[in-house]
Amino acid sequence: MTLPNEQPLQKLQFYVTTSYPCGYLPNKLAQSLIATPQHLVNAEVYSSLIQQGFRRSGKFAYRPHCEHCQACIPVRLIVKDFTPNRSQKRAFKQHQSLVATIHTVTFKEEHLKLYTAYQQARHADAAKPEQEADIDEAEQYESFLCQTNVESVMVEFRQDETLKMVSVIDIVQDGISAVYTFYDASDAKASYGTYNVIWQTIWAKTLGLPYLYLGYWIQDSKKMAYKQNYQPLEKLIDGHWVFI
């Protein structure tokens, strides 16, 4: 993978992390390319980085940089051409009574409680990087989702005042980026994730932005392969965005 070399990225430096267990593919080691220094990764710079496949975790901007694997493929949805399929329309209709409110990014105990329950229900088996192994849940959550140096919001979704879902979203020059969404996983009949993607496409349209960045598509990972269900989808290959 080539290093970013365009303006306004000239002042940045990039380093590759040591290997850590991959959280998506079993028995694999992963590495990341990190943009530094953090204080230079502002909203303008991050808008350029995300177009080159970077993502954000807290104040870190990174992209996969694995020596023997290129399974993580950046993808973005073209929102003006997106039409939900039948099952997606059904999921959106199912949760239309949810009330969404947009807030600044901040730490709330209510959010942490929902996040912790979601992690236990959906990602209890995920391998964590060694450097995160000794960080407690609250500290990990705060550094991951409550710290940002770009333009970010938190969106709460409530059902009769009860918190059901939270999304952290970055706003970049040519779209919005779905950083992370967690929700009440106790209702087996709910389709909060599908509803949320459609909600974000609608919000992107209201902002006049063409893309919804969905992070990385990993064909062999059940947790990430679902993204191909949203079309038309573009993937970043060799520095160029092309249709899947």
# chains A, B, ... in the order shown; residues from 1 in each chain; ligands from 1
$ select_by_dssp --residues "region 6-237 of chain A" --states "strand (DSSP E or B)" --output "PyMOL selection string"
chain A and resi 13-16+20-21+29-30+32-36+55-57+60-64+73-78+99-103+152-159+162-172+175-183+211-217+233-237
$ write_last_selection --atoms "C-alpha atoms" --output "mmCIF file, in the first residue's frame"
data_model
loop_
_atom_site.group_PDB
_atom_site.id
_atom_site.type_symbol
_atom_site.label_atom_id
_atom_site.label_comp_id
_atom_site.auth_asym_id
_atom_site.auth_seq_id
_atom_site.Cartn_x
_atom_site.Cartn_y
_atom_site.Cartn_z
ATOM 1 C CA GLN A 13 4.512 11.065 9.260
ATOM 2 C CA PHE A 14 3.384 7.442 9.118
ATOM 3 C CA TYR A 15 4.543 4.443 11.094
ATOM 4 C CA VAL A 16 3.592 0.774 11.097
ATOM 5 C CA TYR A 20 -1.314 -7.960 16.977
ATOM 6 C CA PRO A 21 -4.100 -10.594 16.762
ATOM 7 C CA LEU A 29 -1.922 -11.225 12.711
ATOM 8 C CA ALA A 30 -2.635 -7.636 11.785
ATOM 9 C CA SER A 32 -1.834 -0.816 11.087
ATOM 10 C CA LEU A 33 -0.414 2.295 9.464
ATOM 11 C CA ILE A 34 -0.785 5.249 11.859
ATOM 12 C CA ALA A 35 -0.805 8.931 10.872
ATOM 13 C CA THR A 36 1.136 11.213 13.226
ATOM 14 C CA ARG A 55 -10.352 5.292 9.536
ATOM 15 C CA ARG A 56 -10.480 6.868 12.977
ATOM 16 C CA SER A 57 -10.275 5.275 16.423
ATOM 17 C CA PHE A 60 -5.789 7.868 15.934
ATOM 18 C CA ALA A 61 -6.125 7.817 12.149
ATOM 19 C CA TYR A 62 -5.118 4.421 10.787
ATOM 20 C CA ARG A 63 -5.508 1.962 7.955
ATOM 21 C CA PRO A 64 -4.617 -1.762 7.735
ATOM 22 C CA ILE A 73 -11.061 -3.176 1.755
ATOM 23 C CA PRO A 74 -12.328 0.395 2.350
ATOM 24 C CA VAL A 75 -15.874 0.874 1.042
ATOM 25 C CA ARG A 76 -18.306 3.743 0.664
ATOM 26 C CA LEU A 77 -21.958 3.889 -0.354
ATOM 27 C CA ILE A 78 -23.156 6.329 -3.026
ATOM 28 C CA VAL A 99 -36.481 9.179 17.864
ATOM 29 C CA ALA A 100 -33.011 10.339 16.817
ATOM 30 C CA THR A 101 -31.238 13.259 18.491
ATOM 31 C CA ILE A 102 -27.812 14.576 17.507
ATOM 32 C CA HIS A 103 -25.346 15.539 20.240
ATOM 33 C CA SER A 152 -17.890 14.266 14.973
ATOM 34 C CA VAL A 153 -21.326 13.775 16.510
ATOM 35 C CA MET A 154 -23.112 11.212 18.636
ATOM 36 C CA VAL A 155 -26.632 10.262 17.612
ATOM 37 C CA GLU A 156 -28.979 8.766 20.198
ATOM 38 C CA PHE A 157 -31.930 6.643 19.126
ATOM 39 C CA ARG A 158 -34.676 6.236 21.723
ATOM 40 C CA GLN A 159 -37.897 4.265 21.921
ATOM 41 C CA THR A 162 -35.424 4.289 26.433
ATOM 42 C CA LEU A 163 -31.997 4.380 24.802
ATOM 43 C CA LYS A 164 -31.843 1.726 22.090
ATOM 44 C CA MET A 165 -28.892 2.706 19.919
ATOM 45 C CA VAL A 166 -25.972 5.148 19.680
ATOM 46 C CA SER A 167 -23.963 6.051 16.582
ATOM 47 C CA VAL A 168 -20.704 7.952 16.424
ATOM 48 C CA ILE A 169 -20.412 9.668 13.034
ATOM 49 C CA ASP A 170 -17.663 11.782 11.483
ATOM 50 C CA ILE A 171 -18.514 14.501 8.984
ATOM 51 C CA VAL A 172 -15.924 14.848 6.206
ATOM 52 C CA GLY A 175 -19.596 12.468 3.087
ATOM 53 C CA ILE A 176 -20.186 11.083 6.520
ATOM 54 C CA SER A 177 -18.280 8.227 8.088
ATOM 55 C CA ALA A 178 -19.937 5.582 10.237
ATOM 56 C CA VAL A 179 -17.345 5.291 12.999
ATOM 57 C CA TYR A 180 -19.228 2.876 15.249
ATOM 58 C CA THR A 181 -22.773 1.942 16.190
ATOM 59 C CA PHE A 182 -23.895 -0.035 19.209
ATOM 60 C CA TYR A 183 -27.400 -0.972 20.214
ATOM 61 C CA TYR A 211 -20.932 9.310 0.312
ATOM 62 C CA LEU A 212 -21.455 7.201 3.411
ATOM 63 C CA TYR A 213 -18.108 5.704 4.388
ATOM 64 C CA LEU A 214 -18.740 2.268 5.899
ATOM 65 C CA GLY A 215 -15.231 1.312 6.961
ATOM 66 C CA TYR A 216 -13.730 -1.961 5.835
ATOM 67 C CA TRP A 217 -15.412 -4.750 3.931
ATOM 68 C CA LEU A 233 -20.887 0.367 -3.182
ATOM 69 C CA GLU A 234 -17.425 1.541 -4.121
ATOM 70 C CA LYS A 235 -14.185 -0.055 -2.903
ATOM 71 C CA LEU A 236 -10.711 1.452 -2.768
ATOM 72 C CA ILE A 237 -8.264 -0.614 -4.813
#
$ closest_atom_pairs --of "region 119-201 of chain A" --to "region 80-89 of chain A" --cutoff "9 Å" --atoms "only C-alpha atoms" --output "JSON lines"
{"residue": "A:Ser191", "atom": "CA", "partner": "A:Gln88", "partner_atom": "CA", "distance": 8.9}
{"residue": "A:Thr194", "atom": "CA", "partner": "A:Gln88", "partner_atom": "CA", "distance": 6.4}
{"residue": "A:Tyr195", "atom": "CA", "partner": "A:Gln88", "partner_atom": "CA", "distance": 7.4}
{"residue": "A:Ile198", "atom": "CA", "partner": "A:Pro84", "partner_atom": "CA", "distance": 7.6}
{"residue": "A:Thr201", "atom": "CA", "partner": "A:Phe82", "partner_atom": "CA", "distance": 8.1}
$ closest_residue --among "A:Val79, A:Cys146, A:Ile50, A:Leu114" --to "Asp184 (chain A)" --atoms "only C-alpha atoms"
A:Leu114
$ closest_residue --among "A:Gly193, A:Ser221, A:His240, A:Thr206" --to "Ala91 (chain A)" --atoms "only C-alpha atoms"
A:Gly193
$ closest_residue --among "A:His111, A:His68, A:His123, A:Lys93" --to "Gln31 (chain A)" --atoms "only C-alpha atoms"
A:His68
$ closest_residue --among "A:Gln147, A:Leu9, A:Val105, A:Leu112" --to "Glu44 (chain A)" --atoms "only C-alpha atoms"
A:Leu9
$ closest_residue --among "A:Gln94, A:Gly208, A:Gln173, A:Gln219" --to "Tyr24 (chain A)" --atoms "only C-alpha atoms"
A:Gln219
$ atom_distance --atom1 "CA of Asp220 (chain A)" --atom2 "CA of Pro26 (chain A)"
10.2 Å
$ residues_around --residues "Ser186 (chain A)" --least-positions-apart "3" --cutoff "10 Å" --atoms "only C-alpha atoms" --output "PyMOL selection string"
chain A and resi 117-118+121+183+189-190
$ select_by_dssp --residues "region 140-237 of chain A" --states "alpha helix (DSSP H)" --output "list in words"
Gln140, Tyr141, Glu142, Ser143, Phe144, Leu145, Tyr192, Gly193, Thr194, Tyr195, Asn196, Val197, Ile198, Trp199, Gln200, Thr201, Ile202, Trp203, Ala204, Lys205 and Thr206 of chain A
$ write_last_selection --atoms "N, CA and C atoms" --output "CSV table (one decimal), in the first residue's frame"
chain,number,residue,atom,x,y,z
A,140,GLN,N,-11.4,2.1,27.8
A,140,GLN,CA,-11.3,1.7,26.4
A,140,GLN,C,-12.4,2.4,25.6
A,141,TYR,N,-13.6,2.4,26.1
A,141,TYR,CA,-14.8,3.0,25.5
A,141,TYR,C,-14.5,4.5,25.3
A,142,GLU,N,-14.0,5.2,26.3
A,142,GLU,CA,-13.8,6.6,26.2
A,142,GLU,C,-12.8,7.0,25.2
A,143,SER,N,-11.7,6.2,25.2
A,143,SER,CA,-10.6,6.6,24.2
A,143,SER,C,-11.0,6.2,22.8
A,144,PHE,N,-11.9,5.2,22.6
A,144,PHE,CA,-12.3,4.8,21.3
A,144,PHE,C,-13.4,5.7,20.7
A,145,LEU,N,-14.4,6.1,21.5
A,145,LEU,CA,-15.5,6.8,20.9
A,145,LEU,C,-15.8,8.2,21.5
A,192,TYR,N,-31.7,-3.2,14.2
A,192,TYR,CA,-31.2,-1.8,14.5
A,192,TYR,C,-30.1,-1.5,13.5
A,193,GLY,N,-29.2,-2.4,13.2
A,193,GLY,CA,-28.1,-2.1,12.4
A,193,GLY,C,-28.5,-1.7,11.0
A,194,THR,N,-29.4,-2.4,10.4
A,194,THR,CA,-29.9,-2.1,9.1
A,194,THR,C,-30.6,-0.7,9.1
A,195,TYR,N,-31.5,-0.5,10.1
A,195,TYR,CA,-32.2,0.8,10.2
A,195,TYR,C,-31.1,1.9,10.3
A,196,ASN,N,-30.1,1.7,11.0
A,196,ASN,CA,-29.1,2.7,11.2
A,196,ASN,C,-28.4,3.1,9.9
A,197,VAL,N,-28.0,2.1,9.1
A,197,VAL,CA,-27.3,2.5,7.9
A,197,VAL,C,-28.3,3.3,7.0
A,198,ILE,N,-29.5,2.9,6.9
A,198,ILE,CA,-30.5,3.7,6.1
A,198,ILE,C,-30.7,5.1,6.6
A,199,TRP,N,-30.7,5.2,8.0
A,199,TRP,CA,-30.9,6.5,8.6
A,199,TRP,C,-29.7,7.4,8.2
A,200,GLN,N,-28.5,6.8,8.2
A,200,GLN,CA,-27.3,7.6,7.9
A,200,GLN,C,-27.3,8.0,6.4
A,201,THR,N,-27.8,7.2,5.5
A,201,THR,CA,-27.9,7.6,4.1
A,201,THR,C,-28.8,8.8,4.0
A,202,ILE,N,-30.0,8.8,4.7
A,202,ILE,CA,-30.9,9.9,4.6
A,202,ILE,C,-30.3,11.1,5.2
A,203,TRP,N,-29.6,11.0,6.3
A,203,TRP,CA,-28.9,12.2,6.9
A,203,TRP,C,-27.9,12.8,6.0
A,204,ALA,N,-27.1,11.9,5.3
A,204,ALA,CA,-26.1,12.4,4.4
A,204,ALA,C,-26.7,13.2,3.3
A,205,LYS,N,-27.9,12.7,2.8
A,205,LYS,CA,-28.6,13.4,1.7
A,205,LYS,C,-29.0,14.8,2.2
A,206,THR,N,-29.5,14.9,3.5
A,206,THR,CA,-30.0,16.2,4.0
A,206,THR,C,-28.8,17.1,4.1
$ atom_distance --atom1 "CA of Ala43 (chain A)" --atom2 "CA of Leu12 (chain A)"
14.0 Å
